[in-house]
Structure formats: structure tokens, C-alpha cells
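Asks: Mind having a look at this structure? Questions to follow.
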Amino acid sequence: MITLRKSTERGHSNRGWLDSYFSFSFADYYDPKHMGFRALRVINDDRIQPAQGFGPHAHRDMEIITYVLDGHLLHRDSMGERHILGPNEVQTMSAGTGIVHSEFNASETEEVHSIQIWILPAREDVTPSYQQIAFSPEEKRGQLRLLAAPKEGATIIHQDALLYVTELAPKQVVRHSLAAGRAAWVQVVRGSVTVSGQDLSEGDAAAVTEETEVALAGAGNHGGEILLFDLR
Amino acid sequence: MSQPIVLVTFSCQTGDTERLALSAAVGAVQARALIRLRRIPDVDQGSQNTEVVRMRKEYVAPAEADVLGADALILAASADANVLSAPWQEFLNLLLRLGSEGRLGRKVGASIGGISPALAGLGFLTVTQLSSDPLALGRSVAEMVRTLKSS
């Protein structure tokens with residue numbers, strides 16, 4: 001079964017410096033029908049104005065994954081980590097027992113377009129950690145590149161969840177098998193795609209349940225980029 | 001019971017006291033509190049020191065609503081901080097006024113570094129220096145608030 005979550009149905013907030021679309025309830029956007037999908041709690045599609053950002057704030061017991069589509073984010077945290085995150089990189093922060101961090105657009109001139117993801121951890125009170133990895137753009141072209149997982153080969157999260165990214169040219173197809181009992185959330189972050197035959201555009205998403213496979217294909221004139229979550 | 005809210009307010013020119021404030025905030029979060037971090041404005045608004053410019057961008061000054069909305073305040077300043085400076089005095093006068101109005105009477109106060117003497121007599125329910133370790137202090141303050149809220 002495939003259930004679509006159209007871009008225009010998402011929550012929206014524009015504070016001037018921050019223009020956000022919320023796939024699930026977040027901050028002032030509350031919809032009890034959209035509180036998350038399995039362990040996936042938050043997908044925020046953020047556009048941050050130059051030199052602006054989120055001042056120091058705290059998190060606890062959450063796996064926080066950031067994926068930048070355009071621009072660069074400057075991250076600082078209470079563990080002393082200070083990094084700049086850009087396209088073709090992924091940052092994962094396990095908040096665990098508690099962390100304070102800030103995120104700012106590192107540029108004085110260019111907007112940042114980023115996706116922030118929160119995944120509920122399988123257990124509380126883990127030791128806070130920060131990971132950031134870079135990959136070649138080729139690794140996501142026409143194939144699934146693992147970004148986060150509870151195992152080596154990606155940033156490690158404390159949950160039985162897999163996060164992939166793929167960039168598909170028009171008509172280019174990638175298939176992903178779903179084990180029994182598992183489900184997928186497909187979030188289109190750029191361009192147009194089809195998900196098991198259904199048309200999706202930037203910002204749209206599909207919840208895939210009770211299926212054994214997800215077929216992803218690039219569509220339109222330029223194809224698209226997708227985040228694929230494989231969840232228990 | 002609602003989560004304790006701990007307001008951590010600090011002054012800093014180098015990043016050192018900021019680290020202590022962040023540590024206290026993390027301690028409060030470890031004890032499952034919500035935190036707000038605020039920075040006392042600079043005396044020299046024209047300073048171009050990189051750290052100062054960054055902190056000026058990242059933090060806002062504490063406001064009355066921050067104090068009233070918090071269950072506890074942790075103030076942090078370096079040992080040689082000038083708490084007689086206009087920005088500190090403005091904040092301390094705000095606390096003094098709120099204290100005289102009886103609006104701090106159910107809040108916990110704690111301090112790190114050179115601000116300790118200024119905290120006395122402001123009207124907090126408890127003024128405490130539970131630990132010199134800011135992480136432990138933050139945790140203890142949040143736990144103390146939780147105990148007070150449940151009593």
C-alpha cells in the first residue's frame with residue numbers, strides 16, 4: 001500500500017530568516033494524523049537565509065540527521081564539535097543524555113536548503129555523539145547510497161532504521177527490497193520521480209507499507225533526488 | 001508534571017564562560033529540563049573580536065519573559081567579570097525588581113564564577129552553589145526544581 005503525503009499538505013512556517021515545511025507535526029504545526037511514521041519523527045525542509053540560523057538549543061534522546069541540498073551549514077555544539085556541512089555530506093548527531101548545539105548558514109550571501117530528520121532512538125540515555133561523512137556524488141547517482149544505519153558504512157544511529165539517498169535521471173530505476181514487516185518512507189527532495197508507478201514531485205512523500213519492494217524512477221525532464229527510509 | 005525550565009544567562013568575551021554555561025545547560029538537560037541560553041550584551045558594542053561577533057549573532061539578551069518563564073536561573077560570569085557594568089546591572093536590576101515584587105519566590109538561583117555575590121538577596125527561593133562543576137551544577141539545579149515542583 002502506498003499513501004501519498006503531498007508537499008502542499010505539509011505544515012508550513014515562514015519566519016523570514018527561516019522558511020520551513022514540516023512533513024510531521026513540529027513546533028507550532030500540530031496535526032495528530034501526522035506525528036511521524038514508525039521511528040521517523042521529523043522531516044523538516046528548511047531554507048535558511050544567509051548568516052542566519054538556530055541559536056544554541058538543546059536536544060535529548062533523538063537521532064538528528066542533517067542533509068544539505070544547497071549551501072553550507074555551520075554546526076557548533078557543547079561537545080566542542082565545530083564543522084561546516086555541505087552537499088554530498090551527512091551529519092548525524094545522537095543527542096542521547098543531552099547536547100546543546102547551534103546551526104547557522106555559513107554564508108553571508110547564499111541561502112541554505114537543508115533537510116533535518118529526527119529519528120526516535122531505540123533506547124534512551126546513550127552517550128551523545130557527532131558524526132559527519134562526505135561521499136562522492138557518483139555514489140548516489142542511479143544507486144542507493146546509505147547515509148545512516150545502525151551499522152558501519154554510514155553514520156551510525158541507535159535505531160533499526162536505514163536512510164538512503166539516490167539521484168535518478170529520467171527513467172533511471174532503482175529497486176529496494178523491503179523485508180517482512182518493514183516499511184518505507186520516500187521523501188522527494190529535488191525534482192520529480194515515480195514511486196512504484198505513482199508520480200511525486202519535490203516535497204512530496206510516500207509511505208510504503210505491506211509491500212516487498214519499492215521501485216523508484218526518475219521522472220520529468222531532469223529526474224529527481226530522493227531520501228528513502230527503511231523502517232521497522 | 002511539566003519539565004523544569006532552566007534559564008542560563010552568562011557574559012563572555014572569549015568563549016570560556018560560554019563553555020561553562022553550555023556545560024551547565026547540558027547538565028540541566030541530562031536531568032530532563034528544558035533550557036534557555038541567554039547572553040548579557042557587550043559593554044563595547046563595536047568589538048570585532050571573532051568570538052564576540054559570533055556570540056552576538058548566536059545569543060539574544062535575557063528578557064523579563066525569560067526570567068518569569070523559568071523555574072531556575074543559572075548565572076555565569078568569569079571571575080574577573082565586571083558585574084557593575086551597565087549590561088549586567090540592567091539584568092540584575094530586573095531581577096531585583098522581580099524579587100521585590102515577589103516574582104522570584106518560587107525560583108531557584110545558582111551561579112558560576114564571579115557573579116555569586118550579586119545573586120544574594122534577589123529574592124530567589126533558594127540560592128545554591130551545589131557544585132563547582134558546571135555540568136553537575138546544572139543537573140542539580142534541574143533536580144532541585146523537580147523536587148520543589150513535586151512537593
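If you're wondering about the labels, chains in the C-alpha cells are A, B, ... by order shown, residues count from 1 in each chain, ligands from 1 in order shown.
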Just the residues within 7 Å of Ala31 in chain B, please, counting only C-alpha atoms, with nothing from its chain fewer than 6 positions along; format it as a CSV table (one decimal) with all heavy atoms, in the first residue's frame.

Replies:
```csv
chain,number,residue,atom,x,y,z
B,139,ARG,N,22.8,19.9,36.5
B,139,ARG,CA,21.9,18.8,36.8
B,139,ARG,C,21.2,18.9,38.2
B,139,ARG,O,20.1,18.7,38.3
B,139,ARG,CB,22.9,17.5,36.8
B,139,ARG,CG,22.1,16.2,36.6
B,139,ARG,CD,23.0,15.1,36.1
B,139,ARG,NE,24.3,15.1,36.8
B,139,ARG,CZ,25.5,14.8,36.3
B,139,ARG,NH1,25.6,14.6,35.0
B,139,ARG,NH2,26.6,14.8,37.0
B,142,ALA,N,18.4,21.4,38.1
B,142,ALA,CA,17.1,20.9,37.5
B,142,ALA,C,16.5,19.9,38.4
B,142,ALA,O,15.2,19.9,38.5
B,142,ALA,CB,17.5,20.2,36.2
B,143,GLU,N,17.3,19.1,39.1
B,143,GLU,CA,16.7,18.1,40.0
B,143,GLU,C,16.0,18.8,41.2
B,143,GLU,O,15.0,18.4,41.7
B,143,GLU,CB,17.8,17.1,40.5
B,143,GLU,CG,18.2,16.1,39.4
B,143,GLU,CD,19.5,15.4,39.7
B,143,GLU,OE1,20.2,15.7,40.7
B,143,GLU,OE2,19.8,14.5,38.9
```

Asks: Show me a table, sorted first by chain and then by increasing residue number, of the residues of chain A having an atom at most 6 Å from chain B, each with its shortest atom pair and the distance in Å to one decimal, counting only C-alpha atoms and written as JSON lines.

Replies:
```
{"residue": "A:Gly55", "atom": "CA", "partner": "B:Glu58", "partner_atom": "CA", "distance": 4.7}
{"residue": "A:Ser78", "atom": "CA", "partner": "B:Leu22", "partner_atom": "CA", "distance": 5.9}
{"residue": "A:Thr97", "atom": "CA", "partner": "B:Gln30", "partner_atom": "CA", "distance": 5.2}
{"residue": "A:Gly98", "atom": "CA", "partner": "B:Gln30", "partner_atom": "CA", "distance": 5.3}
{"residue": "A:Ile99", "atom": "CA", "partner": "B:Val26", "partner_atom": "CA", "distance": 5.8}
```

Asks: Limited to N, CA and C atoms, could you put the picked residues into a file as an mmCIF file, in the first residue's frame?

Replies:
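Once written, part.cif looks like this:
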```cif
data_model
loop_
_atom_site.group_PDB
_atom_site.id
_atom_site.type_symbol
_atom_site.label_atom_id
_atom_site.label_comp_id
_atom_site.auth_asym_id
_atom_site.auth_seq_id
_atom_site.Cartn_x
_atom_site.Cartn_y
_atom_site.Cartn_z
ATOM 1 N N GLY A 55 20.075 29.505 17.035
ATOM 2 C CA GLY A 55 20.976 29.724 18.160
ATOM 3 C C GLY A 55 21.058 28.474 19.027
ATOM 4 N N SER A 78 28.017 21.534 22.252
ATOM 5 C CA SER A 78 28.576 21.534 23.603
ATOM 6 C C SER A 78 29.647 20.469 23.787
ATOM 7 N N THR A 97 21.986 11.587 26.205
ATOM 8 C CA THR A 97 21.731 12.183 27.523
ATOM 9 C C THR A 97 21.613 13.704 27.486
ATOM 10 N N GLY A 98 22.008 14.318 26.379
ATOM 11 C CA GLY A 98 21.818 15.760 26.277
ATOM 12 C C GLY A 98 22.937 16.446 25.525
ATOM 13 N N ILE A 99 22.542 17.359 24.686
ATOM 14 C CA ILE A 99 23.522 18.108 23.894
ATOM 15 C C ILE A 99 22.927 19.482 23.611
#
```

Asks: I'd like the neighbourhood of Gln159 in chain A as an MDAnalysis selection string, where a residue qualifies if any of its atoms comes within 9 Å (using only C-alpha atoms), though same-chain residues fewer than 6 positions away should be ignored.

Replies: chainID A and resid 39 63 119:123 149:150

Asks: Only N, CA and C atoms, please: the residues just picked out, written as a compact mmCIF listing (two decimals), in the first residue's frame.

Replies:
```
# COMPACT_ATOMS: atom_id res chain seq x y z
N ALA A 39 9.56 4.91 13.46
CA ALA A 39 10.54 5.63 14.30
C ALA A 39 10.90 7.00 13.74
N GLU A 63 17.89 10.97 17.46
CA GLU A 63 18.91 10.84 16.42
C GLU A 63 18.59 11.92 15.40
N ILE A 119 14.95 10.90 14.21
CA ILE A 119 14.53 9.50 14.37
C ILE A 119 14.58 9.17 15.85
N LEU A 120 13.51 8.56 16.33
CA LEU A 120 13.48 8.18 17.74
C LEU A 120 14.49 7.07 17.99
N PRO A 121 15.31 7.18 19.00
CA PRO A 121 16.28 6.11 19.27
C PRO A 121 15.60 4.89 19.88
N ALA A 122 16.22 3.74 19.71
CA ALA A 122 15.67 2.51 20.28
C ALA A 122 15.80 2.49 21.79
N ARG A 123 16.78 3.23 22.29
CA ARG A 123 16.94 3.30 23.75
C ARG A 123 17.38 4.71 24.14
N ALA A 149 22.54 4.36 9.47
CA ALA A 149 22.14 2.98 9.76
C ALA A 149 22.71 2.59 11.11
N PRO A 150 22.19 1.52 11.70
CA PRO A 150 22.77 1.07 12.98
C PRO A 150 23.99 0.20 12.77
```

Asks: In Å, with one decimal, what is the gap from CA of Glu89 in chain A to CA of Asn105 in chain A?

Replies: 15.4 Å

Asks: Step one, run DSSP on the backbone; step two, keep only residues of range 18-108 of chain B assigned to strand (DSSP E or B); then write them as a list in words.

Replies: Leu34, Ile35, Arg36, Leu37, Arg38, Arg39, Ala72, Leu73, Ile74, Leu75, Ala76, Ala77 and Val108 of chain B

Asks: Using only C-alpha atoms, determine which residues lie at most 9 Å from Ala95 in chain A, disregarding the query and same-chain residues fewer than 2 positions distant; provide the list as a list in words.

Replies: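 Within the cut-off, the hits are Ala58, His59, Arg60, Asp61, Met62, Glu63, Ile64, Met93, Thr97, Gly98, Ile99, Val100, Asp125, Val126, Thr127, Pro128, Ser129 and Tyr130 of chain A.
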
Asks: When DSSP works through the backbone of this structure, what residues of chain B end up as alpha helix (DSSP H), shown as a ChimeraX atom specification?

Replies: /B:16-30,50-58,64-69,86-100,116-119,134-150

Asks: In Å, rounded to a single decimal, give me how far CA of Ala184 in chain A is from CA of Phe229 in chain A.

Replies: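 Computing it gives 5.3 Å between the two atoms.
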
Asks: Just the residues within 12 Å of Ile84 in chain A, please, counting only C-alpha atoms, with nothing from its chain fewer than 5 positions along; format it as a ChimeraX atom specification.

Replies: /A:66-68,71-76,89-91,102-107,112,132-134

Asks: Measuring between only C-alpha atoms, which one of A:Ser192, A:Gln52, A:Ser94, A:Ser177 shows the shortest distance to Glu124 in chain A?

Replies: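 So, comparing all the options, the nearest one is A:Ser94.
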
Asks: For range 120-132 of chain B, list every protein, DNA or RNA residue within 9 Å, evaluated using only C-alpha atoms, and leave out those in the same chain fewer than 5 positions away; present the list as a PyMOL selection string.

Replies: chain B and resi 72+92+95-100+102-113+137-138+140-141

Asks: Env of Val214 in chain A: 9 Å cut, atoms = only C-alpha atoms, seq-sep filter 4 positions within chain, self excluded. Answer as a PyMOL selection string.

Replies: chain A and resi 174-178+184+195-196+208

Asks: Determine the nearest neighbour of Leu135 in chain B from the options B:Val43, B:Val67, B:Ala24, B:Val52, counting only C-alpha atoms.

Replies: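 The shortest atom-to-atom distance to Leu135 in chain B comes from B:Ala24.
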
Asks: Using only C-alpha atoms, find the one residue out of A:Asp46, A:Asp160, A:Glu139, A:Glu152 that sits nearest to Ile115 in chain A.

Replies: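 Between A:Asp46, A:Asp160, A:Glu139, A:Glu152, the residue approaching Ile115 in chain A most closely is A:Asp46.
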